[in-house]
Amino acid sequence: MGHVHAARHLLRAKDLADARYFEPLTVADLAAAAGLSAAHFSRQFKATFGESPHQYLLTRRLERAAALLRATDWSVADICFAVGAQSVGSFTASFHRVFGVVPLAYRAAYPPAERHLRIPRCVALAYGRPQNRTFREDKAAASP
């Protein structure tokens with residue numbers, strides 16, 4: 001297997017981790033996407049990207065969690081499970097190790113999510129509703 005060809009397989013696994021970080025992915029799942037054994041995949045991934053597949057996946061999850069803490073008012077537990085972490089305790093410990101603060105302290109350093117809205121919440125919610133509804137009663141009422 002040539003070097004460029006192997007890198008493509010590794011990118012396929014990396015793309016899987018980026019796209020489905022919130023799912024319970026394992027190194028074996030990523031290795032299968034790359035078409036390699038788990039041990040060989042782990043060595044190649046670390047040599048190519050500078051971190052283990054597990055660490056890469058954890059980093060993606062924590063980056064997404066940080067974005068959710070800055071932009072939403074979701075609870076830490078909701079964010080924890082939304083990014084694919086299995087327990088709030090391990091999530092908080094990992095977050096503290098990477099960002100230097102616990103999730104609530106990280107959030108406190110940013111303005112509340114509502115401050116990002118420059119229009120009333122009721123208007124934002126109404127505007128966000130789907131415009132192209134497919135309910136039969138909507139079509140029947142629209143065509144008299």
# chains A, B, ... in the order shown; residues from 1 in each chain; ligands from 1
>>> residues_around(residues="Thr26 in chain A", least_positions_apart="5", cutoff="12 Å", atoms="only C-alpha atoms", output="JSON, numbers by chain")
{"A": [13, 16, 17, 20, 21, 31, 32, 33, 38, 42, 52, 53, 54, 55, 56, 57, 58, 84]}
>>> closest_residue(among="A:Asp18, A:Ala47, A:Leu62, A:Phe91", to="Ala77 in chain A", atoms="only C-alpha atoms")
A:Phe91
>>> atom_distance(atom1="CA of His96 in chain A", atom2="CA of Lys14 in chain A")
24.3 Å
>>> residues_around(residues="Leu36 in chain A", least_positions_apart="4", cutoff="12 Å", atoms="only C-alpha atoms", output="VMD selection string")
chain A and resid 1 6 to 10 12 to 13 27 to 32 40 to 45
>>> write_last_selection(atoms="C-alpha atoms", output="CSV table (one decimal), in the first residue's frame")
chain,number,residue,atom,x,y,z
A,1,MET,CA,0.0,0.0,0.0
A,6,ALA,CA,-2.7,4.9,3.1
A,7,ALA,CA,-3.2,8.6,3.9
A,8,ARG,CA,-6.5,8.6,2.0
A,9,HIS,CA,-7.7,5.7,4.2
A,10,LEU,CA,-6.6,7.6,7.3
A,12,ARG,CA,-11.6,8.6,5.6
A,13,ALA,CA,-11.4,7.6,9.3
A,27,VAL,CA,-10.9,2.9,17.5
A,28,ALA,CA,-12.1,-0.3,15.9
A,29,ASP,CA,-14.9,1.6,14.1
A,30,LEU,CA,-12.4,4.1,12.8
A,31,ALA,CA,-9.9,1.4,11.8
A,32,ALA,CA,-12.7,-0.4,9.9
A,40,HIS,CA,-1.9,-0.8,12.7
A,41,PHE,CA,-4.5,2.0,12.2
A,42,SER,CA,-3.6,3.5,15.6
A,43,ARG,CA,0.1,3.6,14.8
A,44,GLN,CA,-0.4,5.0,11.4
A,45,PHE,CA,-2.9,7.6,12.6
>>> closest_residue(among="A:Arg61, A:Tyr106, A:Val123, A:Gly35", to="Glu23 in chain A", atoms="only C-alpha atoms")
A:Arg61
>>> residues_around(residues="Leu69 in chain A", least_positions_apart="4", cutoff="8 Å", atoms="only C-alpha atoms", output="MDAnalysis selection string")
chainID A and resid 65 73:74 76 79 103 106:107
>>> select_by_dssp(residues="range 4-134 of chain A", states="helix (DSSP H, G or I)", output="MDAnalysis selection string")
chainID A and resid 4:19 27:34 38:49 53:71 76:82 88:99 103:108 113:116 121:127
>>> atom_distance(atom1="CA of Val83 in chain A", atom2="CA of Leu11 in chain A")
21.0 Å
>>> closest_residue(among="A:Ala108, A:Val98, A:Val88, A:Ala39", to="Arg60 in chain A", atoms="only C-alpha atoms")
A:Val98
>>> atom_distance(atom1="CA of Cys80 in chain A", atom2="CA of Val102 in chain A")
12.3 Å
>>> closest_residue(among="A:Arg118, A:Val101, A:Lys46, A:Tyr110", to="Ala67 in chain A", atoms="only C-alpha atoms")
A:Tyr110
>>> decode(residues="range 80-92 of chain A", atoms="all heavy atoms", output="mmCIF file, in the first residue's frame")
data_model
loop_
_atom_site.group_PDB
_atom_site.id
_atom_site.type_symbol
_atom_site.label_atom_id
_atom_site.label_comp_id
_atom_site.auth_asym_id
_atom_site.auth_seq_id
_atom_site.Cartn_x
_atom_site.Cartn_y
_atom_site.Cartn_z
ATOM 1 N N CYS A 80 -22.918 17.444 27.450
ATOM 2 C CA CYS A 80 -22.103 16.245 27.619
ATOM 3 C C CYS A 80 -22.623 15.106 26.747
ATOM 4 O O CYS A 80 -21.863 14.503 25.981
ATOM 5 C CB CYS A 80 -22.115 15.834 29.095
ATOM 6 S SG CYS A 80 -21.528 14.178 29.444
ATOM 7 N N PHE A 81 -23.893 14.825 26.830
ATOM 8 C CA PHE A 81 -24.460 13.710 26.085
ATOM 9 C C PHE A 81 -24.646 14.049 24.603
ATOM 10 O O PHE A 81 -24.569 13.169 23.749
ATOM 11 C CB PHE A 81 -25.753 13.235 26.730
ATOM 12 C CG PHE A 81 -25.520 12.692 28.116
ATOM 13 C CD1 PHE A 81 -26.106 13.283 29.212
ATOM 14 C CD2 PHE A 81 -24.672 11.612 28.323
ATOM 15 C CE1 PHE A 81 -25.869 12.803 30.494
ATOM 16 C CE2 PHE A 81 -24.421 11.125 29.595
ATOM 17 C CZ PHE A 81 -25.023 11.715 30.693
ATOM 18 N N ALA A 82 -24.840 15.323 24.277
ATOM 19 C CA ALA A 82 -24.991 15.730 22.874
ATOM 20 C C ALA A 82 -23.697 15.530 22.089
ATOM 21 O O ALA A 82 -23.741 15.289 20.886
ATOM 22 C CB ALA A 82 -25.435 17.193 22.792
ATOM 23 N N VAL A 83 -22.554 15.641 22.753
ATOM 24 C CA VAL A 83 -21.279 15.473 22.052
ATOM 25 C C VAL A 83 -20.749 14.046 22.134
ATOM 26 O O VAL A 83 -19.657 13.761 21.649
ATOM 27 C CB VAL A 83 -20.202 16.474 22.543
ATOM 28 C CG1 VAL A 83 -20.654 17.899 22.314
ATOM 29 C CG2 VAL A 83 -19.822 16.227 23.988
ATOM 30 N N GLY A 84 -21.504 13.156 22.763
ATOM 31 C CA GLY A 84 -21.134 11.746 22.767
ATOM 32 C C GLY A 84 -20.363 11.284 23.983
ATOM 33 O O GLY A 84 -19.890 10.147 24.004
ATOM 34 N N ALA A 85 -20.222 12.119 25.005
ATOM 35 C CA ALA A 85 -19.560 11.679 26.232
ATOM 36 C C ALA A 85 -20.495 10.741 26.983
ATOM 37 O O ALA A 85 -21.717 10.854 26.881
ATOM 38 C CB ALA A 85 -19.181 12.872 27.098
ATOM 39 N N GLN A 86 -19.931 9.835 27.751
ATOM 40 C CA GLN A 86 -20.738 8.827 28.438
ATOM 41 C C GLN A 86 -21.105 9.196 29.865
ATOM 42 O O GLN A 86 -22.060 8.659 30.404
ATOM 43 C CB GLN A 86 -20.004 7.485 28.419
ATOM 44 C CG GLN A 86 -19.756 6.970 27.014
ATOM 45 C CD GLN A 86 -21.026 6.775 26.208
ATOM 46 O OE1 GLN A 86 -21.984 6.186 26.698
ATOM 47 N NE2 GLN A 86 -21.059 7.272 24.997
ATOM 48 N N SER A 87 -20.315 10.077 30.512
ATOM 49 C CA SER A 87 -20.651 10.486 31.874
ATOM 50 C C SER A 87 -20.245 11.941 32.082
ATOM 51 O O SER A 87 -19.249 12.404 31.525
ATOM 52 C CB SER A 87 -19.959 9.595 32.910
ATOM 53 O OG SER A 87 -18.626 9.980 33.108
ATOM 54 N N VAL A 88 -21.015 12.637 32.884
ATOM 55 C CA VAL A 88 -20.761 14.051 33.150
ATOM 56 C C VAL A 88 -19.434 14.218 33.892
ATOM 57 O O VAL A 88 -18.672 15.148 33.622
ATOM 58 C CB VAL A 88 -21.933 14.686 33.929
ATOM 59 C CG1 VAL A 88 -21.627 16.129 34.291
ATOM 60 C CG2 VAL A 88 -23.216 14.598 33.120
ATOM 61 N N GLY A 89 -19.143 13.309 34.807
ATOM 62 C CA GLY A 89 -17.907 13.405 35.572
ATOM 63 C C GLY A 89 -16.661 13.311 34.708
ATOM 64 O O GLY A 89 -15.749 14.143 34.821
ATOM 65 N N SER A 90 -16.604 12.315 33.832
ATOM 66 C CA SER A 90 -15.429 12.169 32.970
ATOM 67 C C SER A 90 -15.377 13.301 31.940
ATOM 68 O O SER A 90 -14.293 13.773 31.587
ATOM 69 C CB SER A 90 -15.406 10.806 32.282
ATOM 70 O OG SER A 90 -16.532 10.643 31.453
ATOM 71 N N PHE A 91 -16.546 13.747 31.479
ATOM 72 C CA PHE A 91 -16.591 14.877 30.551
ATOM 73 C C PHE A 91 -16.021 16.124 31.209
ATOM 74 O O PHE A 91 -15.181 16.822 30.628
ATOM 75 C CB PHE A 91 -18.035 15.126 30.098
ATOM 76 C CG PHE A 91 -18.235 16.443 29.407
ATOM 77 C CD1 PHE A 91 -17.781 16.639 28.119
ATOM 78 C CD2 PHE A 91 -18.874 17.497 30.061
ATOM 79 C CE1 PHE A 91 -17.961 17.865 27.487
ATOM 80 C CE2 PHE A 91 -19.050 18.713 29.442
ATOM 81 C CZ PHE A 91 -18.595 18.901 28.141
ATOM 82 N N THR A 92 -16.453 16.416 32.443
ATOM 83 C CA THR A 92 -15.975 17.600 33.159
ATOM 84 C C THR A 92 -14.475 17.523 33.405
ATOM 85 O O THR A 92 -13.753 18.510 33.217
ATOM 86 C CB THR A 92 -16.739 17.760 34.487
ATOM 87 O OG1 THR A 92 -18.134 17.898 34.186
ATOM 88 C CG2 THR A 92 -16.276 18.977 35.261
#
